[in-house]
Amino acid sequence: MAAEAKAKADAEAQQAKLAAENKAKADADAQQAKLAAEAKAKADADAQQAKLAADAKAKADMAAEQARLLADQRAKADAEANEKLKAEEEVRQLRLAEEAQQAKLLADAKAKADADALARAAATDEAGKAIDNLALSLDESAKTQDDLLTQFNATVANKQKDLDDLKEENDLSDKGIYKEPKPFKSVAAENSQIEALKLQIAEANRIQKDEIARLTNLYNERLKKFPNKNDATNRAYLEKINQLKAAQLKMEADSAALLANLERIKAETEIEKKRRIKQAAYENDQGRYAQDLAALKRIKETTKPSSTPLTASDFDFGEDQSNMQIIKNIKNADSGFYLIIAVHSSVEKRDEFLTKAVAAGRTDVNFFYNVTTSKYYIYYEKVDGLQEAQKAMESKGNAPYNGKMAIVKVEN
């Protein structure tokens with residue numbers, strides 16, 4: 001009986017053990033199923049997040065494309081408006097030139113009529129003869145003045161056109177529309193001609209004023225001999241003198257206006273030239289940036305891992321850097337803290353360091369250019385905060401390219 005009881009107890013114990021093992025296995029399976037369900041839920045959430053990000057990017061790309069199309073339409077409309085304004089201005093200038101020519105013809109006709117009338121009323125006295133001769137001389141001098149002023153007016157108009165063309169080139173360039181620029185003129189000869197013309201006009205004005213004063217004196221002398229101011233000859237002489245004085249005042253006013261206009265054009269031309277030079281510098285910066293990106297891409301695509309481990313002595317780190325520098329206004333680089341591993345002034349040294357860094361396994365290496373110092377700053381990590389940068393410095397390890405790592409803060 002005791003043996004049977006023991007056998008039964010052993011069987012029950014064995015059964016209990018099997019039940020416990022089955023329960024443990026069931027619990028483990030349940031735990032595994034729970035973990036699998038949680039992993040699937042996380043994967044589903046990540047997939048949903050990725051889809052939302054993709055949708056947002058697609059929406060942003062569409063908005064950017066619409067903005068670009070709108071900008072192109074605006075630029076085209078602006079260019080067409082400028083062409084229309086230019087055409088209207090040319091028509092206006094032609095009309096003004098025709099009106100000026102007509103006015104000159106009328107003035108010449110009146111001057112001839114006045115001369116004829118004066119000839120018909122020519123006096124026989126010596127004073128009258130002297131007045132007649134001087135009046136004829138003044139008419140010739142006035143024609144010389146007109147010719148000089150016409151030349152000066154044409155010169156100023158050409159300078160204005162050069163300014164308008166340069167301003168149009170700059171305005172179109174600001175809108176991203178390329179127009180073949182006109183080369184800067186060598187202004188030395190042009191300025192010399194302008195100065196000579198200014199001197200000629202000033203001298204002609206001086207001579208004319210002096211001759212008008214002489215004519216006035218002769219008229220006053222004749223009045224002493226023929227004091228009747230209502231005398232036809234005296235009236236004709238006085239009218240001629242007043243006409244010459246008015247023409248001289250207008251000539252001086254026109255000359256002064258042209259000189260002021262010329263000075264304005266000079267000042268505005270210098271401003272536009274500086275704009276053009278600044279635009280050229282910007283285009284040069286963009287060209288260099290494109291070349292830099294292409295060089296980095298080429299190095300990363302063509303450089304193979306080094307067959308032998310590289311050491312710090314294999315790397316030229318360039319200029320020694322003090323830790324925690326601050327540099328400002330860096331184009332094509334975001335503000336933040338950069339872990340700089342080398343600084344070079346030459347493209348060759350820069351590319352040599354980049355190639356070795358990639359060969360050593362640092363395939364995420366990058367760089368930015370400081371226009372102020374003309375130096376390339378090479379890095380592979382950028383963070384937003386100083387503490388993050390300091391932690392990165394502490395955990396940089398002993399990679400051969402990290403031998404002279406320094407923190408540089410970029411502020412834009």
# chains A, B, ... in the order shown; residues from 1 in each chain; ligands from 1

call {"tool": "closest_atom_pairs", "arguments": {"of": "range 58-177 of chain A", "to": "range 275-294 of chain A", "cutoff": "9 Å", "atoms": "only C-alpha atoms", "output": "CSV"}}
result
residue,atom,partner,partner_atom,distance
A:Leu166,CA,A:Arg276,CA,8.2
A:Lys167,CA,A:Arg276,CA,8.9
A:Glu169,CA,A:Arg276,CA,8.4
A:Asn170,CA,A:Arg276,CA,6.2
A:Ser173,CA,A:Gln279,CA,7.9
A:Asp174,CA,A:Gln279,CA,8.2

call {"tool": "write_last_selection", "arguments": {"atoms": "C-alpha atoms", "output": "CSV table (one decimal), in the first residue's frame"}}
result
chain,number,residue,atom,x,y,z
A,166,LEU,CA,22.6,99.7,-67.2
A,167,LYS,CA,19.7,100.1,-64.8
A,169,GLU,CA,20.2,95.1,-66.9
A,170,ASN,CA,20.5,95.4,-63.1
A,173,SER,CA,19.2,90.6,-63.1
A,174,ASP,CA,17.5,91.2,-59.7

call {"tool": "residues_around", "arguments": {"residues": "Leu296 in chain A", "least_positions_apart": "5", "cutoff": "12 Å", "atoms": "only C-alpha atoms", "output": "compact mmCIF listing (two decimals) with N, CA and C atoms, in the first residue's frame"}}
result
# COMPACT_ATOMS: atom_id res chain seq x y z
N TYR A 289 30.11 78.03 -55.17
CA TYR A 289 29.36 77.08 -54.33
C TYR A 289 28.98 75.84 -55.14
N ALA A 290 28.54 76.04 -56.38
CA ALA A 290 28.18 74.91 -57.23
C ALA A 290 29.40 74.02 -57.50
N GLN A 291 30.56 74.64 -57.74
CA GLN A 291 31.79 73.87 -57.97
C GLN A 291 32.19 73.10 -56.71
N GLU A 301 32.04 59.93 -54.27
CA GLU A 301 31.66 58.85 -55.19
C GLU A 301 32.86 58.06 -55.71
N THR A 302 34.03 58.68 -55.76
CA THR A 302 35.18 58.01 -56.38
C THR A 302 36.22 57.51 -55.39
N THR A 303 36.16 57.95 -54.13
CA THR A 303 37.17 57.55 -53.16
C THR A 303 36.82 56.20 -52.54
N VAL A 347 42.00 75.08 -52.45
CA VAL A 347 41.08 74.01 -52.87
C VAL A 347 41.81 72.67 -52.88
N ARG A 350 42.20 71.35 -49.39
CA ARG A 350 40.86 70.96 -48.93
C ARG A 350 40.47 69.60 -49.48
N ASP A 351 40.62 69.43 -50.80
CA ASP A 351 40.22 68.17 -51.44
C ASP A 351 41.08 67.00 -50.97
N GLU A 352 42.36 67.28 -50.71
CA GLU A 352 43.25 66.22 -50.21
C GLU A 352 42.76 65.71 -48.85
N PHE A 353 42.40 66.66 -47.96
CA PHE A 353 41.91 66.26 -46.64
C PHE A 353 40.58 65.51 -46.76
N LEU A 354 39.67 66.02 -47.58
CA LEU A 354 38.37 65.37 -47.76
C LEU A 354 38.54 63.94 -48.27
N THR A 355 39.44 63.76 -49.23
CA THR A 355 39.66 62.43 -49.81
C THR A 355 40.15 61.45 -48.75
N ALA A 357 39.76 61.73 -45.49
CA ALA A 357 38.71 61.50 -44.49
C ALA A 357 37.70 60.47 -44.99
N VAL A 358 37.31 60.57 -46.27
CA VAL A 358 36.39 59.59 -46.84
C VAL A 358 37.04 58.21 -46.88
N THR A 363 32.42 59.23 -44.41
CA THR A 363 31.73 59.53 -45.68
C THR A 363 30.74 60.69 -45.56
N ASP A 364 30.45 61.14 -44.32
CA ASP A 364 29.53 62.26 -44.15
C ASP A 364 30.27 63.59 -43.98
N VAL A 365 31.54 63.64 -44.33
CA VAL A 365 32.33 64.85 -44.19
C VAL A 365 31.76 65.95 -45.10
N ASN A 366 31.88 67.19 -44.66
CA ASN A 366 31.32 68.33 -45.40
C ASN A 366 32.19 69.56 -45.12
N PHE A 367 31.86 70.70 -45.72
CA PHE A 367 32.62 71.93 -45.46
C PHE A 367 31.77 73.13 -45.85
N PHE A 368 32.17 74.33 -45.34
CA PHE A 368 31.58 75.59 -45.80
C PHE A 368 32.71 76.59 -46.04
N ILE A 378 36.22 72.50 -42.67
CA ILE A 378 35.78 71.12 -42.91
C ILE A 378 35.22 70.54 -41.61

call {"tool": "residues_around", "arguments": {"residues": "Ile330 in chain A", "least_positions_apart": "3", "cutoff": "9 Å", "atoms": "only C-alpha atoms", "output": "list in words"}}
result
Ile327, Ala333, Asp334, Ser335, Phe368, Tyr369, Asn370, Val371, Thr372, Val410, Glu411 and Asn412 of chain A

call {"tool": "closest_residue", "arguments": {"among": "A:Gly361, A:Glu83, A:Gly336, A:Met405", "to": "Gly385 in chain A", "atoms": "only C-alpha atoms"}}
result
A:Gly336

call {"tool": "select_by_dssp", "arguments": {"residues": "range 293-335 of chain A", "states": "strand (DSSP E or B)", "output": "VMD selection string"}}
result
chain A and resid 318 325 to 328

call {"tool": "closest_residue", "arguments": {"among": "A:Gln73, A:Gln15, A:Gln390, A:Ser313", "to": "Tyr338 in chain A", "atoms": "only C-alpha atoms"}}
result
A:Gln390

call {"tool": "closest_residue", "arguments": {"among": "A:Glu263, A:Asp29, A:Asp320, A:Asp164", "to": "Glu89 in chain A", "atoms": "only C-alpha atoms"}}
result
A:Asp164

call {"tool": "select_by_dssp", "arguments": {"residues": "range 212-354 of chain A", "states": "alpha helix (DSSP H)", "output": "PyMOL selection string"}}
result
chain A and resi 212-225+232-302+347-354

call {"tool": "atom_distance", "arguments": {"atom1": "CA of Lys129 in chain A", "atom2": "CA of Asn228 in chain A"}}
result
17.8 Å

call {"tool": "residues_around", "arguments": {"residues": "range 137-139 of chain A", "least_positions_apart": "6", "cutoff": "9 Å", "atoms": "only C-alpha atoms", "output": "PDB file with N, CA and C atoms, in the first residue's frame"}}
result
ATOM      1  N   ALA A 111      14.121 135.231 -86.657  1.00  0.00           N
ATOM      2  CA  ALA A 111      15.399 135.941 -86.612  1.00  0.00           C
ATOM      3  C   ALA A 111      15.729 136.558 -87.970  1.00  0.00           C
ATOM      4  N   GLN A 208      29.481 136.180 -75.660  1.00  0.00           N
ATOM      5  CA  GLN A 208      28.165 136.709 -76.023  1.00  0.00           C
ATOM      6  C   GLN A 208      27.715 137.768 -75.026  1.00  0.00           C
ATOM      7  N   GLU A 211      29.631 140.926 -75.666  1.00  0.00           N
ATOM      8  CA  GLU A 211      29.209 141.597 -76.899  1.00  0.00           C
ATOM      9  C   GLU A 211      27.842 142.258 -76.724  1.00  0.00           C
ATOM     10  N   ILE A 212      26.963 141.623 -75.970  1.00  0.00           N
ATOM     11  CA  ILE A 212      25.661 142.250 -75.701  1.00  0.00           C
ATOM     12  C   ILE A 212      25.844 143.527 -74.892  1.00  0.00           C
ATOM     13  N   LEU A 244      18.289 139.526 -77.745  1.00  0.00           N
ATOM     14  CA  LEU A 244      19.578 138.870 -77.508  1.00  0.00           C
ATOM     15  C   LEU A 244      19.786 138.564 -76.025  1.00  0.00           C
TER      16      LEU A 244
END

call {"tool": "residues_around", "arguments": {"residues": "Gln193 in chain A", "least_positions_apart": "4", "cutoff": "12 Å", "atoms": "only C-alpha atoms", "output": "list in words"}}
result
Gln151, Phe152, Thr155, Val156, Val187, Ala188, Ala189, Leu197, Lys198, Leu199 and Gln200 of chain A

call {"tool": "write_last_selection", "arguments": {"atoms": "N, CA and C atoms", "output": "JSON list (two decimals), in the first residue's frame"}}
result
[["chain", "number", "residue", "atom", "x", "y", "z"],
["A", 151, "GLN", "N", 25.15, 119.91, -79.27],
["A", 151, "GLN", "CA", 26.12, 118.82, -79.05],
["A", 151, "GLN", "C", 26.08, 118.35, -77.59],
["A", 152, "PHE", "N", 26.04, 119.33, -76.69],
["A", 152, "PHE", "CA", 26.04, 118.99, -75.26],
["A", 152, "PHE", "C", 24.76, 118.23, -74.89],
["A", 155, "THR", "N", 25.08, 114.72, -76.02],
["A", 155, "THR", "CA", 26.00, 113.99, -75.14],
["A", 155, "THR", "C", 25.31, 113.56, -73.85],
["A", 156, "VAL", "N", 24.56, 114.49, -73.26],
["A", 156, "VAL", "CA", 23.84, 114.18, -72.02],
["A", 156, "VAL", "C", 22.78, 113.10, -72.28],
["A", 187, "VAL", "N", 35.81, 105.64, -69.91],
["A", 187, "VAL", "CA", 35.21, 106.97, -69.82],
["A", 187, "VAL", "C", 36.23, 108.10, -69.92],
["A", 188, "ALA", "N", 37.51, 107.78, -69.98],
["A", 188, "ALA", "CA", 38.52, 108.85, -69.98],
["A", 188, "ALA", "C", 38.34, 109.76, -71.19],
["A", 189, "ALA", "N", 38.28, 109.18, -72.39],
["A", 189, "ALA", "CA", 38.14, 110.00, -73.60],
["A", 189, "ALA", "C", 36.80, 110.71, -73.61],
["A", 197, "LEU", "N", 33.87, 120.41, -74.21],
["A", 197, "LEU", "CA", 32.61, 121.01, -74.65],
["A", 197, "LEU", "C", 32.09, 122.00, -73.61],
["A", 198, "LYS", "N", 32.23, 121.66, -72.34],
["A", 198, "LYS", "CA", 31.80, 122.57, -71.28],
["A", 198, "LYS", "C", 32.60, 123.87, -71.32],
["A", 199, "LEU", "N", 33.91, 123.75, -71.55],
["A", 199, "LEU", "CA", 34.75, 124.95, -71.64],
["A", 199, "LEU", "C", 34.36, 125.80, -72.84],
["A", 200, "GLN", "N", 34.07, 125.16, -73.98],
["A", 200, "GLN", "CA", 33.66, 125.90, -75.17],
["A", 200, "GLN", "C", 32.35, 126.65, -74.94]]

call {"tool": "residues_around", "arguments": {"residues": "Phe317 in chain A", "least_positions_apart": "3", "cutoff": "8 Å", "atoms": "only C-alpha atoms", "output": "compact mmCIF listing (two decimals) with C-alpha atoms, in the first residue's frame"}}
result
# COMPACT_ATOMS: atom_id res chain seq x y z
CA ASP A 320 45.47 75.73 -36.07
CA ILE A 341 38.31 69.11 -38.08
CA ALA A 342 40.44 71.11 -40.57
CA VAL A 343 40.75 74.60 -42.12
CA HIS A 344 42.39 75.20 -45.50
CA PHE A 353 41.91 66.26 -46.64
CA LYS A 404 42.65 69.02 -34.08

call {"tool": "decode", "arguments": {"residues": "range 187-303 of chain A", "atoms": "C-alpha atoms", "output": "mmCIF file, in the first residue's frame"}}
result
data_model
loop_
_atom_site.group_PDB
_atom_site.id
_atom_site.type_symbol
_atom_site.label_atom_id
_atom_site.label_comp_id
_atom_site.auth_asym_id
_atom_site.auth_seq_id
_atom_site.Cartn_x
_atom_site.Cartn_y
_atom_site.Cartn_z
ATOM 1 C CA VAL A 187 35.207 106.972 -69.820
ATOM 2 C CA ALA A 188 38.523 108.846 -69.983
ATOM 3 C CA ALA A 189 38.143 109.999 -73.604
ATOM 4 C CA GLU A 190 34.418 110.604 -73.186
ATOM 5 C CA ASN A 191 34.954 112.731 -70.078
ATOM 6 C CA SER A 192 37.715 114.653 -71.834
ATOM 7 C CA GLN A 193 35.332 115.508 -74.688
ATOM 8 C CA ILE A 194 32.643 116.571 -72.235
ATOM 9 C CA GLU A 195 35.039 118.840 -70.342
ATOM 10 C CA ALA A 196 36.221 120.412 -73.614
ATOM 11 C CA LEU A 197 32.609 121.008 -74.650
ATOM 12 C CA LYS A 198 31.804 122.573 -71.275
ATOM 13 C CA LEU A 199 34.755 124.946 -71.645
ATOM 14 C CA GLN A 200 33.664 125.904 -75.174
ATOM 15 C CA ILE A 201 30.130 126.632 -74.002
ATOM 16 C CA ALA A 202 31.371 128.692 -71.047
ATOM 17 C CA GLU A 203 33.676 130.697 -73.330
ATOM 18 C CA ALA A 204 30.918 131.254 -75.921
ATOM 19 C CA ASN A 205 28.562 132.447 -73.176
ATOM 20 C CA ARG A 206 31.196 134.851 -71.847
ATOM 21 C CA ILE A 207 31.882 136.321 -75.290
ATOM 22 C CA GLN A 208 28.165 136.709 -76.023
ATOM 23 C CA LYS A 209 27.544 138.498 -72.713
ATOM 24 C CA ASP A 210 30.433 140.880 -73.369
ATOM 25 C CA GLU A 211 29.209 141.597 -76.899
ATOM 26 C CA ILE A 212 25.661 142.250 -75.701
ATOM 27 C CA ALA A 213 27.074 144.704 -73.160
ATOM 28 C CA ARG A 214 28.984 146.448 -75.996
ATOM 29 C CA LEU A 215 25.828 146.570 -78.094
ATOM 30 C CA THR A 216 23.913 148.107 -75.189
ATOM 31 C CA ASN A 217 26.619 150.768 -74.784
ATOM 32 C CA LEU A 218 26.483 151.585 -78.514
ATOM 33 C CA TYR A 219 22.707 151.893 -78.296
ATOM 34 C CA ASN A 220 23.017 154.274 -75.342
ATOM 35 C CA GLU A 221 25.601 156.348 -77.263
ATOM 36 C CA ARG A 222 23.224 156.628 -80.211
ATOM 37 C CA LEU A 223 20.439 157.750 -77.881
ATOM 38 C CA LYS A 224 22.611 160.723 -76.958
ATOM 39 C CA LYS A 225 22.683 161.765 -80.620
ATOM 40 C CA PHE A 226 19.142 160.647 -81.459
ATOM 41 C CA PRO A 227 17.291 160.883 -78.123
ATOM 42 C CA ASN A 228 13.878 160.006 -79.536
ATOM 43 C CA LYS A 229 13.175 156.498 -78.170
ATOM 44 C CA ASN A 230 10.177 156.223 -80.446
ATOM 45 C CA ASP A 231 12.426 156.554 -83.446
ATOM 46 C CA ALA A 232 11.904 153.424 -85.599
ATOM 47 C CA THR A 233 15.620 152.647 -85.680
ATOM 48 C CA ASN A 234 16.036 153.094 -81.923
ATOM 49 C CA ARG A 235 13.027 150.865 -81.280
ATOM 50 C CA ALA A 236 14.423 148.199 -83.620
ATOM 51 C CA TYR A 237 17.819 148.293 -81.873
ATOM 52 C CA LEU A 238 16.253 148.091 -78.404
ATOM 53 C CA GLU A 239 14.077 145.171 -79.470
ATOM 54 C CA LYS A 240 17.145 143.404 -80.848
ATOM 55 C CA ILE A 241 19.078 143.979 -77.613
ATOM 56 C CA ASN A 242 16.210 142.646 -75.487
ATOM 57 C CA GLN A 243 15.862 139.654 -77.784
ATOM 58 C CA LEU A 244 19.578 138.870 -77.508
ATOM 59 C CA LYS A 245 19.521 139.277 -73.720
ATOM 60 C CA ALA A 246 16.530 136.924 -73.388
ATOM 61 C CA ALA A 247 18.192 134.364 -75.660
ATOM 62 C CA GLN A 248 21.398 134.621 -73.621
ATOM 63 C CA LEU A 249 19.558 134.092 -70.327
ATOM 64 C CA LYS A 250 17.809 131.044 -71.793
ATOM 65 C CA MET A 251 21.114 129.718 -73.102
ATOM 66 C CA GLU A 252 22.716 130.047 -69.658
ATOM 67 C CA ALA A 253 19.705 128.425 -67.961
ATOM 68 C CA ASP A 254 19.712 125.527 -70.449
ATOM 69 C CA SER A 255 23.466 125.061 -69.964
ATOM 70 C CA ALA A 256 23.086 125.019 -66.178
ATOM 71 C CA ALA A 257 20.218 122.514 -66.412
ATOM 72 C CA LEU A 258 22.253 120.206 -68.653
ATOM 73 C CA LEU A 259 25.241 120.423 -66.298
ATOM 74 C CA ALA A 260 23.035 119.556 -63.321
ATOM 75 C CA ASN A 261 21.488 116.691 -65.272
ATOM 76 C CA LEU A 262 24.938 115.424 -66.229
ATOM 77 C CA GLU A 263 26.075 115.419 -62.594
ATOM 78 C CA ARG A 264 22.929 113.506 -61.619
ATOM 79 C CA ILE A 265 23.558 110.950 -64.360
ATOM 80 C CA LYS A 266 27.169 110.531 -63.202
ATOM 81 C CA ALA A 267 26.073 109.882 -59.611
ATOM 82 C CA GLU A 268 23.329 107.424 -60.619
ATOM 83 C CA THR A 269 25.670 105.655 -63.047
ATOM 84 C CA GLU A 270 28.171 105.047 -60.241
ATOM 85 C CA ILE A 271 25.371 103.580 -58.126
ATOM 86 C CA GLU A 272 24.300 101.251 -60.950
ATOM 87 C CA LYS A 273 27.906 100.215 -61.639
ATOM 88 C CA LYS A 274 28.297 99.258 -57.986
ATOM 89 C CA ARG A 275 25.035 97.290 -58.231
ATOM 90 C CA ARG A 276 26.381 95.449 -61.261
ATOM 91 C CA ILE A 277 29.695 94.692 -59.549
ATOM 92 C CA LYS A 278 27.819 93.437 -56.480
ATOM 93 C CA GLN A 279 25.633 91.206 -58.678
ATOM 94 C CA ALA A 280 28.732 89.846 -60.414
ATOM 95 C CA ALA A 281 30.280 89.066 -57.023
ATOM 96 C CA TYR A 282 27.092 87.256 -55.986
ATOM 97 C CA GLU A 283 27.100 85.240 -59.223
ATOM 98 C CA ASN A 284 30.763 84.361 -58.605
ATOM 99 C CA ASP A 285 29.854 83.182 -55.087
ATOM 100 C CA GLN A 286 27.050 81.006 -56.460
ATOM 101 C CA GLY A 287 29.367 79.594 -59.132
ATOM 102 C CA ARG A 288 32.015 78.697 -56.556
ATOM 103 C CA TYR A 289 29.365 77.082 -54.335
ATOM 104 C CA ALA A 290 28.180 74.906 -57.233
ATOM 105 C CA GLN A 291 31.787 73.871 -57.974
ATOM 106 C CA ASP A 292 32.358 73.082 -54.283
ATOM 107 C CA LEU A 293 29.287 70.843 -54.164
ATOM 108 C CA ALA A 294 30.381 69.066 -57.337
ATOM 109 C CA ALA A 295 33.895 68.490 -55.939
ATOM 110 C CA LEU A 296 32.534 67.042 -52.683
ATOM 111 C CA LYS A 297 30.147 64.764 -54.592
ATOM 112 C CA ARG A 298 32.963 63.572 -56.871
ATOM 113 C CA ILE A 299 35.276 62.806 -53.933
ATOM 114 C CA LYS A 300 32.601 60.834 -52.083
ATOM 115 C CA GLU A 301 31.660 58.852 -55.193
ATOM 116 C CA THR A 302 35.179 58.012 -56.381
ATOM 117 C CA THR A 303 37.174 57.546 -53.155
#
